[in-house]
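Undergrad: One file: model.cif (mmCIF, C-alpha atoms and all ligand atoms).
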```cif
data_upload
loop_
_atom_site.label_atom_id
_atom_site.label_comp_id
_atom_site.auth_asym_id
_atom_site.auth_seq_id
_atom_site.Cartn_x
_atom_site.Cartn_y
_atom_site.Cartn_z
CA MET B 1 44.25 19.73 -49.29
CA HIS B 2 43.87 19.28 -53.02
CA LYS B 3 41.41 21.28 -55.06
CA CYS B 4 39.80 20.48 -58.34
CA PHE B 5 38.33 23.03 -60.71
CA LEU B 6 35.96 21.89 -63.38
CA VAL B 7 35.05 24.25 -66.17
CA ILE B 8 32.25 23.61 -68.57
CA GLU B 9 32.72 25.71 -71.67
CA GLY B 10 29.85 27.13 -73.60
CA LEU B 11 26.99 24.93 -72.53
CA VAL B 12 24.14 26.08 -74.73
CA ILE B 13 20.40 25.83 -74.53
CA LEU B 14 18.47 27.87 -77.05
CA SER B 15 14.95 28.39 -78.35
CA VAL B 16 13.37 30.98 -80.65
CA LEU B 17 11.43 34.14 -80.51
CA GLN B 18 10.43 34.31 -84.13
CA VAL B 19 9.29 37.69 -85.35
CA CYS B 20 9.34 37.25 -89.08
CA PRO B 21 6.05 38.19 -90.79
CA ILE B 22 4.90 35.35 -93.06
CA ASN B 23 5.07 37.26 -96.35
CA ALA B 24 7.86 39.63 -95.54
CA ASP B 25 9.39 41.60 -98.36
CA SER B 26 12.16 42.94 -96.21
CA PRO B 27 14.37 40.50 -94.34
CA CYS B 28 13.86 40.01 -90.65
CA VAL B 29 16.18 38.67 -87.99
CA LYS B 30 16.04 35.35 -86.32
CA GLY B 31 17.85 33.93 -83.31
CA GLU B 32 18.17 30.18 -82.98
CA ALA B 33 16.83 29.97 -79.47
CA SER B 34 16.00 32.02 -76.45
CA THR B 35 18.17 30.71 -73.64
CA LEU B 36 21.86 30.15 -73.71
CA THR B 37 24.33 29.22 -70.99
CA ALA B 38 27.95 30.31 -70.81
CA SER B 39 30.77 29.72 -68.34
CA VAL B 40 32.42 32.46 -66.35
CA GLY B 41 35.69 33.34 -68.08
CA GLY B 42 34.63 31.74 -71.36
CA TYR B 43 32.88 33.20 -74.39
CA VAL B 44 29.53 32.89 -76.09
CA VAL B 45 28.13 33.69 -79.54
CA LEU B 46 24.71 35.33 -79.26
CA PRO B 47 22.99 34.19 -82.46
CA CYS B 48 21.17 36.50 -84.84
CA GLN B 49 20.60 35.96 -88.55
CA LEU B 50 18.79 37.95 -91.25
CA ILE B 51 16.01 35.87 -92.85
CA PRO B 52 15.99 35.57 -95.80
CA SER B 53 19.70 35.96 -95.94
CA ALA B 54 20.69 39.46 -97.05
CA SER B 55 23.80 41.49 -96.56
CA ALA B 56 23.91 43.51 -93.37
CA VAL B 57 27.04 45.39 -94.39
CA GLY B 58 25.34 48.77 -94.98
CA MET B 59 22.82 48.37 -92.18
CA LYS B 60 22.73 49.41 -88.58
CA VAL B 61 23.19 46.53 -86.18
CA LEU B 62 22.31 47.20 -82.57
CA TRP B 63 22.77 44.74 -79.74
CA THR B 64 21.19 45.82 -76.47
CA ARG B 65 20.73 44.47 -73.02
CA LYS B 66 17.19 44.54 -71.67
CA GLY B 67 16.75 47.34 -69.17
CA SER B 68 19.83 49.25 -70.30
CA SER B 69 19.89 52.20 -72.67
CA SER B 70 23.52 52.12 -73.77
CA PRO B 71 24.31 49.54 -76.44
CA VAL B 72 26.21 46.35 -75.85
CA HIS B 73 27.42 46.69 -79.43
CA PHE B 74 26.57 49.17 -82.18
CA TYR B 75 27.59 48.89 -85.82
CA THR B 76 26.76 51.52 -88.41
CA GLU B 77 28.30 53.01 -91.55
CA GLU B 78 30.34 49.82 -91.83
CA ARG B 79 32.08 50.44 -88.51
CA ASP B 80 31.82 49.43 -84.87
CA LYS B 81 30.89 52.49 -82.80
CA THR B 82 32.66 51.92 -79.53
CA HIS B 83 32.19 55.37 -77.98
CA SER B 84 28.48 54.80 -77.31
CA GLN B 85 29.05 51.29 -76.01
CA HIS B 86 28.26 50.43 -72.38
CA GLU B 87 31.59 50.40 -70.55
CA ASP B 88 30.98 46.96 -69.01
CA TYR B 89 31.20 45.50 -72.51
CA ARG B 90 34.22 47.42 -73.72
CA ASP B 91 36.73 45.22 -75.57
CA ARG B 92 34.59 42.14 -75.03
CA THR B 93 32.24 42.16 -78.04
CA HIS B 94 32.89 41.16 -81.60
CA LEU B 95 30.74 41.18 -84.76
CA PHE B 96 31.93 38.73 -87.39
CA LYS B 97 32.62 41.18 -90.24
CA GLU B 98 33.25 38.37 -92.75
CA GLU B 99 29.77 37.00 -91.95
CA LEU B 100 27.83 40.27 -92.34
CA ASN B 101 27.34 39.87 -96.09
CA LYS B 102 25.53 36.58 -95.36
CA GLY B 103 23.24 38.38 -92.92
CA ASN B 104 24.90 36.80 -89.92
CA VAL B 105 24.92 39.49 -87.23
CA SER B 106 25.74 37.16 -84.32
CA LEU B 107 27.72 38.75 -81.54
CA LYS B 108 30.65 37.15 -79.75
CA LEU B 109 30.88 38.10 -76.07
CA SER B 110 34.15 37.17 -74.36
CA LYS B 111 35.51 36.99 -70.79
CA ILE B 112 32.05 36.14 -69.46
CA ARG B 113 31.20 37.54 -66.04
CA VAL B 114 28.35 36.78 -63.68
CA SER B 115 26.99 40.28 -64.34
CA ASP B 116 26.48 39.40 -68.03
CA GLU B 117 23.44 37.32 -67.15
CA ALA B 118 20.57 39.14 -68.89
CA SER B 119 18.33 39.22 -71.94
CA TYR B 120 19.98 40.48 -75.12
CA GLU B 121 18.29 41.87 -78.17
CA CYS B 122 19.51 42.14 -81.68
CA LEU B 123 18.06 44.84 -83.91
CA VAL B 124 18.85 45.43 -87.56
CA THR B 125 17.46 48.89 -88.13
CA SER B 126 16.67 48.92 -91.80
CA THR B 127 14.28 46.02 -91.17
CA PRO B 128 11.21 47.17 -89.23
CA HIS B 129 9.55 44.71 -86.82
CA SER B 130 12.64 42.69 -86.71
CA ASP B 131 14.31 42.09 -83.47
CA THR B 132 15.04 38.93 -81.65
CA SER B 133 16.05 38.29 -78.11
CA VAL B 134 18.38 35.84 -76.45
CA GLU B 135 18.48 35.13 -72.76
CA LEU B 136 22.00 34.58 -71.44
CA LYS B 137 22.63 32.47 -68.35
CA VAL B 138 26.05 32.37 -66.77
CA MET B 139 27.46 29.45 -64.82
CA ALA B 140 30.61 28.63 -62.90
CA VAL B 141 31.41 25.20 -61.47
CA GLY B 142 33.29 25.59 -58.22
CA SER B 143 35.80 23.58 -56.25
CA THR B 144 35.43 20.13 -54.72
CA PRO B 145 34.24 20.63 -51.15
CA GLU B 146 36.92 20.61 -48.48
CA ILE B 147 35.85 18.97 -45.28
CA SER B 148 37.57 19.15 -41.91
CA LEU B 149 37.03 17.57 -38.54
CA ASP B 150 37.06 20.31 -35.94
CA ASP B 151 36.17 18.15 -32.95
CA ASP B 152 35.56 14.45 -32.37
CA THR B 153 34.30 13.53 -28.91
CA ARG B 154 32.09 10.83 -27.51
CA TYR B 155 29.19 13.22 -28.04
CA GLY B 156 29.79 13.17 -31.78
CA PHE B 157 31.42 15.17 -34.53
CA LYS B 158 31.88 18.81 -35.20
CA VAL B 159 32.82 19.20 -38.87
CA SER B 160 33.03 22.00 -41.37
CA CYS B 161 32.89 22.10 -45.15
CA VAL B 162 33.79 24.79 -47.66
CA SER B 163 33.52 25.05 -51.45
CA ARG B 164 34.30 28.08 -53.61
CA GLY B 165 33.68 29.60 -57.02
CA TRP B 166 30.06 28.75 -57.82
CA TYR B 167 27.41 30.49 -59.86
CA PRO B 168 24.50 30.32 -59.43
CA LYS B 169 24.27 29.34 -55.78
CA PRO B 170 24.62 25.56 -55.21
CA ASP B 171 22.94 23.53 -52.43
CA LEU B 172 24.97 21.97 -49.67
CA GLN B 173 23.90 18.84 -47.83
CA TRP B 174 25.37 16.64 -45.11
CA THR B 175 24.87 12.90 -45.39
CA ASP B 176 25.91 9.88 -43.33
CA GLY B 177 27.78 6.76 -44.48
CA ARG B 178 24.65 5.38 -46.14
CA GLY B 179 23.85 8.58 -48.01
CA ALA B 180 20.94 9.54 -45.75
CA VAL B 181 20.62 13.28 -45.23
CA LEU B 182 21.72 14.40 -41.77
CA THR B 183 19.24 16.78 -40.27
CA ALA B 184 21.26 17.44 -37.11
CA GLU B 185 22.36 20.87 -36.02
CA SER B 186 23.98 22.55 -39.00
CA GLU B 187 24.49 26.03 -40.29
CA THR B 188 25.18 26.96 -43.91
CA ARG B 189 26.21 30.35 -45.19
CA GLU B 190 26.86 31.69 -48.68
CA GLU B 191 28.90 34.72 -49.57
CA GLN B 192 29.29 36.33 -52.97
CA ASP B 193 32.64 37.80 -53.98
CA ARG B 194 33.18 40.85 -56.18
CA GLU B 195 32.89 38.80 -59.36
CA GLY B 196 29.57 37.43 -58.15
CA LEU B 197 30.86 33.92 -57.41
CA TYR B 198 29.55 32.09 -54.36
CA THR B 199 31.46 30.45 -51.54
CA VAL B 200 29.38 28.06 -49.42
CA ARG B 201 30.43 27.15 -45.93
CA SER B 202 28.69 24.84 -43.50
CA TYR B 203 29.19 23.64 -39.94
CA LEU B 204 27.65 20.46 -38.60
CA ARG B 205 27.39 19.10 -35.09
CA THR B 206 26.11 15.55 -35.11
CA PRO B 207 26.01 12.50 -32.86
CA GLU B 208 28.00 9.52 -34.09
CA PRO B 209 26.55 9.02 -37.61
CA GLU B 210 25.97 5.71 -39.35
CA GLY B 211 29.33 4.07 -40.05
CA GLY B 212 31.16 6.89 -38.28
CA GLN B 213 31.26 8.80 -41.56
CA VAL B 214 29.87 12.08 -42.83
CA SER B 215 29.88 13.50 -46.35
CA CYS B 216 29.49 17.06 -47.52
CA VAL B 217 27.57 17.09 -50.80
CA ILE B 218 27.33 20.02 -53.19
CA LYS B 219 24.32 19.84 -55.50
CA TYR B 220 24.36 22.09 -58.51
CA GLY B 221 22.36 22.74 -61.68
CA LYS B 222 18.82 21.46 -61.31
CA ASP B 223 18.00 22.31 -64.93
CA GLN B 224 20.88 20.56 -66.63
CA GLY B 225 20.88 17.44 -64.56
CA GLU B 226 22.52 17.43 -61.20
CA LEU B 227 26.22 17.71 -60.56
CA ARG B 228 27.19 16.29 -57.17
CA LEU B 229 30.59 16.83 -55.64
CA SER B 230 31.30 15.32 -52.27
CA ALA B 231 34.06 14.87 -49.76
CA LYS B 232 33.86 12.60 -46.74
CA ILE B 233 35.47 12.25 -43.40
CA ILE B 234 35.68 9.20 -41.18
CA GLY B 235 35.73 9.70 -37.43
CA SER B 236 36.64 7.15 -34.78
CA SER B 237 33.69 4.79 -34.80
CA ILE B 238 34.27 3.63 -31.23
CA PRO B 239 33.04 6.17 -28.72
CA TYR B 240 35.82 6.99 -26.29
CA LEU B 241 36.47 9.11 -23.24
CA PRO B 242 38.91 11.86 -24.05
CA GLY B 243 42.17 11.59 -22.07
CA TYR B 244 41.62 14.68 -19.97
CA VAL B 245 38.28 13.34 -18.66
CA VAL B 246 39.98 10.13 -17.55
CA SER B 247 42.85 11.91 -15.80
CA PHE B 248 40.51 14.40 -14.15
CA THR B 249 38.35 11.53 -12.78
CA LEU B 250 41.44 9.75 -11.40
CA PHE B 251 42.63 13.01 -9.87
CA LEU B 252 39.23 13.57 -8.21
CA ALA B 253 39.15 9.99 -6.84
CA GLY B 254 42.66 10.44 -5.43
CA LEU B 255 41.73 13.76 -3.84
CA ILE B 256 38.61 12.29 -2.17
CA SER B 257 40.56 9.30 -0.76
CA LEU B 258 43.22 11.67 0.56
CA LEU B 259 40.57 13.85 2.23
CA CYS B 260 38.94 10.73 3.76
CA LEU B 261 42.28 9.56 5.15
CA LEU B 262 42.98 13.01 6.57
CA GLY B 263 39.42 13.14 8.02
CA ILE B 264 39.78 9.73 9.68
CA SER B 265 43.13 10.53 11.23
CA TRP B 266 41.76 13.89 12.47
CA ILE B 267 38.71 12.20 14.15
CA ARG B 268 40.98 9.64 15.78
CA ARG B 269 43.10 12.37 17.38
C1 LIG B 301 27.62 33.32 -87.72
O1 LIG B 301 29.02 33.40 -87.64
C2 LIG B 301 29.63 32.80 -86.52
C3 LIG B 301 31.12 33.03 -86.60
O2 LIG B 301 31.68 32.54 -87.76
C4 LIG B 301 29.26 31.33 -86.46
O3 LIG B 301 29.78 30.78 -85.28
C5 LIG B 301 27.77 31.16 -86.51
O4 LIG B 301 27.43 29.79 -86.56
C6 LIG B 301 27.18 31.88 -87.72
N1 LIG B 301 25.74 31.78 -87.68
C7 LIG B 301 25.02 31.34 -88.70
C8 LIG B 301 23.56 31.30 -88.51
O5 LIG B 301 25.57 30.97 -89.74
#
```
Let me see whether you can do it: turn the structure in this file into structure tokens.
Ligand SMILES: *[C@@H]1O[C@H](CO)[C@@H](O)[C@H](O)[C@H]1NC(C)=O
TA:
Amino acid sequence: MHKCFLVIEGLVILSVLQVCPINADSPCVKGEASTLTASVGGYVVLPCQLIPSASAVGMKVLWTRKGSSSPVHFYTEERDKTHSQHEDYRDRTHLFKEELNKGNVSLKLSKIRVSDEASYECLVTSTPHSDTSVELKVMAVGSTPEISLDDDTRYGFKVSCVSRGWYPKPDLQWTDGRGAVLTAESETREEQDREGLYTVRSYLRTPEPEGGQVSCVIKYGKDQGELRLSAKIIGSSIPYLPGYVVSFTLFLAGLISLLCLLGISWIRR
């Protein structure tokens, strides 16, 4: 069965938490927006800029994650201080040194993981009242659903569907040949692997659906417009008696006739 992996790199949605006082003498920092989306495995630049533009070279730049005391990135005395950095971020953060003199203290975060989803704050310490926060959302587009026919009898279908590698959790739906949602007996389960990615698995037992066809539809990303991936399976549209039922019926009929014959000859004796 073939698999297809789609990766959307660095999808970004931002808005601002502006904290600059109107008549500030000292520069303050400004992010471009407050929510940002990044793909698992990709990278993101968390924006932060001194306004008005001033050099940040001699300043302390502190990037933190809300709810965590150890820094995501700390720069002081013109150096990155990696020893105090939170170990989850080790070797994954980068301040653009060539941009610091323009007051650009944006942070590049690489090898994005599901666990990076959080609110990040940028603080330039020689500028009081000047921090800005960015909310980071992580996403991973998983595989095309794989559908398989486990059983196909005159009572209907038993099918299963699996799709892997999603974040956040997608929705799974079963539809018939006309796209109508099948509400028959189904069971859907999600499991999260160590990297936080979801696998969704569903089983459906349904009477012969419209057109003898069922589709497994994965719906993902309500905020950014919906992404639908589907796979379909076509069963035999003519209900039939499975072979073993037919042979068992013939066998039973034969047995009864034989017993009757034996009975008759026994009575006659
Ligand atoms: C800051 O620098 C980075 C890296 O060069 C760049 O991507 C970003 O756009 C810059 N931000 C501003 C506000 O200039």
Undergrad: Taking all atoms listed in the file into account, which residues are within 7 Å of ligand LIG 301 (chain B), as a ChimeraX atom specification?
TA: /B:45,47-49,96,99,104-106
Undergrad: Considering only C-alpha atoms, state which residue in the set B:Ser163, B:Ser265, B:Ser202, B:Ser257 is at the smallest distance from Tyr220 of chain B.
TA: B:Ser163
Undergrad: Let me make sure I understand: among B:Ala38, B:Ala54, B:Leu259, B:Cys122, which one has the smallest atom-to-atom distance to Phe74 of chain B if we use all atoms listed in the file?
TA: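 Under the stated criterion, the closest residue is B:Cys122.
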Undergrad: Could you jot down the atom CA of Thr37 of chain B to atom CA of Arg90 of chain B separation for me, Å, one decimal place?
TA: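 If I compute the distance from atom CA of Thr37 of chain B to atom CA of Arg90 of chain B, I get 20.9 Å.
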Undergrad: Which protein, DNA or RNA residues have an atom at most 7 Å from (24.0, 41.5, -77.8), counting all atoms listed in the file? List them as a PyMOL selection string.
TA: chain B and resi 46+63-65+72-73+107+120-122
Undergrad: Quick check, in Å to one decimal: how far apart do atom CA of Lys232 of chain B and atom CA of Gln192 of chain B lie?
TA: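 The value is 25.0 Å.
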Undergrad: Find the distance between atom CA of Val124 of chain B and atom CA of Ala56 of chain B and write it in Å to one decimal.
TA: 7.9 Å
Undergrad: Which polymer residues, whether protein, DNA or RNA, lie within 12 Å of the coordinate (24.5, 32.1, -59.7) when you count only C-alpha atoms? List them as a ChimeraX atom specification, using the chain letters and numbers from the file.
TA: /B:37-40,113-117,137-142,165-171,190-193,195-199,220-221
Undergrad: Write out as a PDB file with C-alpha atoms, in the coordinates of the input each polymer residue whose atoms come within 10 Å of Glu78 of chain B, counting only C-alpha atoms; drop sequence neighbours fewer than 5 positions from it.
TA:
```pdb
ATOM      1  CA  ALA B  56      23.910  43.510 -93.370  1.00  0.00           C
ATOM      2  CA  VAL B  57      27.040  45.390 -94.390  1.00  0.00           C
ATOM      3  CA  GLY B  58      25.340  48.770 -94.980  1.00  0.00           C
ATOM      4  CA  MET B  59      22.820  48.370 -92.180  1.00  0.00           C
ATOM      5  CA  LYS B  60      22.730  49.410 -88.580  1.00  0.00           C
ATOM      6  CA  VAL B  61      23.190  46.530 -86.180  1.00  0.00           C
ATOM      7  CA  LYS B  97      32.620  41.180 -90.240  1.00  0.00           C
ATOM      8  CA  LEU B 100      27.830  40.270 -92.340  1.00  0.00           C
TER       9      LEU B 100
END
```
Undergrad: If you count all atoms listed in the file, which residues fall within 8 Å of Val44 of chain B, apart from same-chain ones fewer than 5 positions away, as a ChimeraX atom specification?
TA: /B:10,38,108-110,112
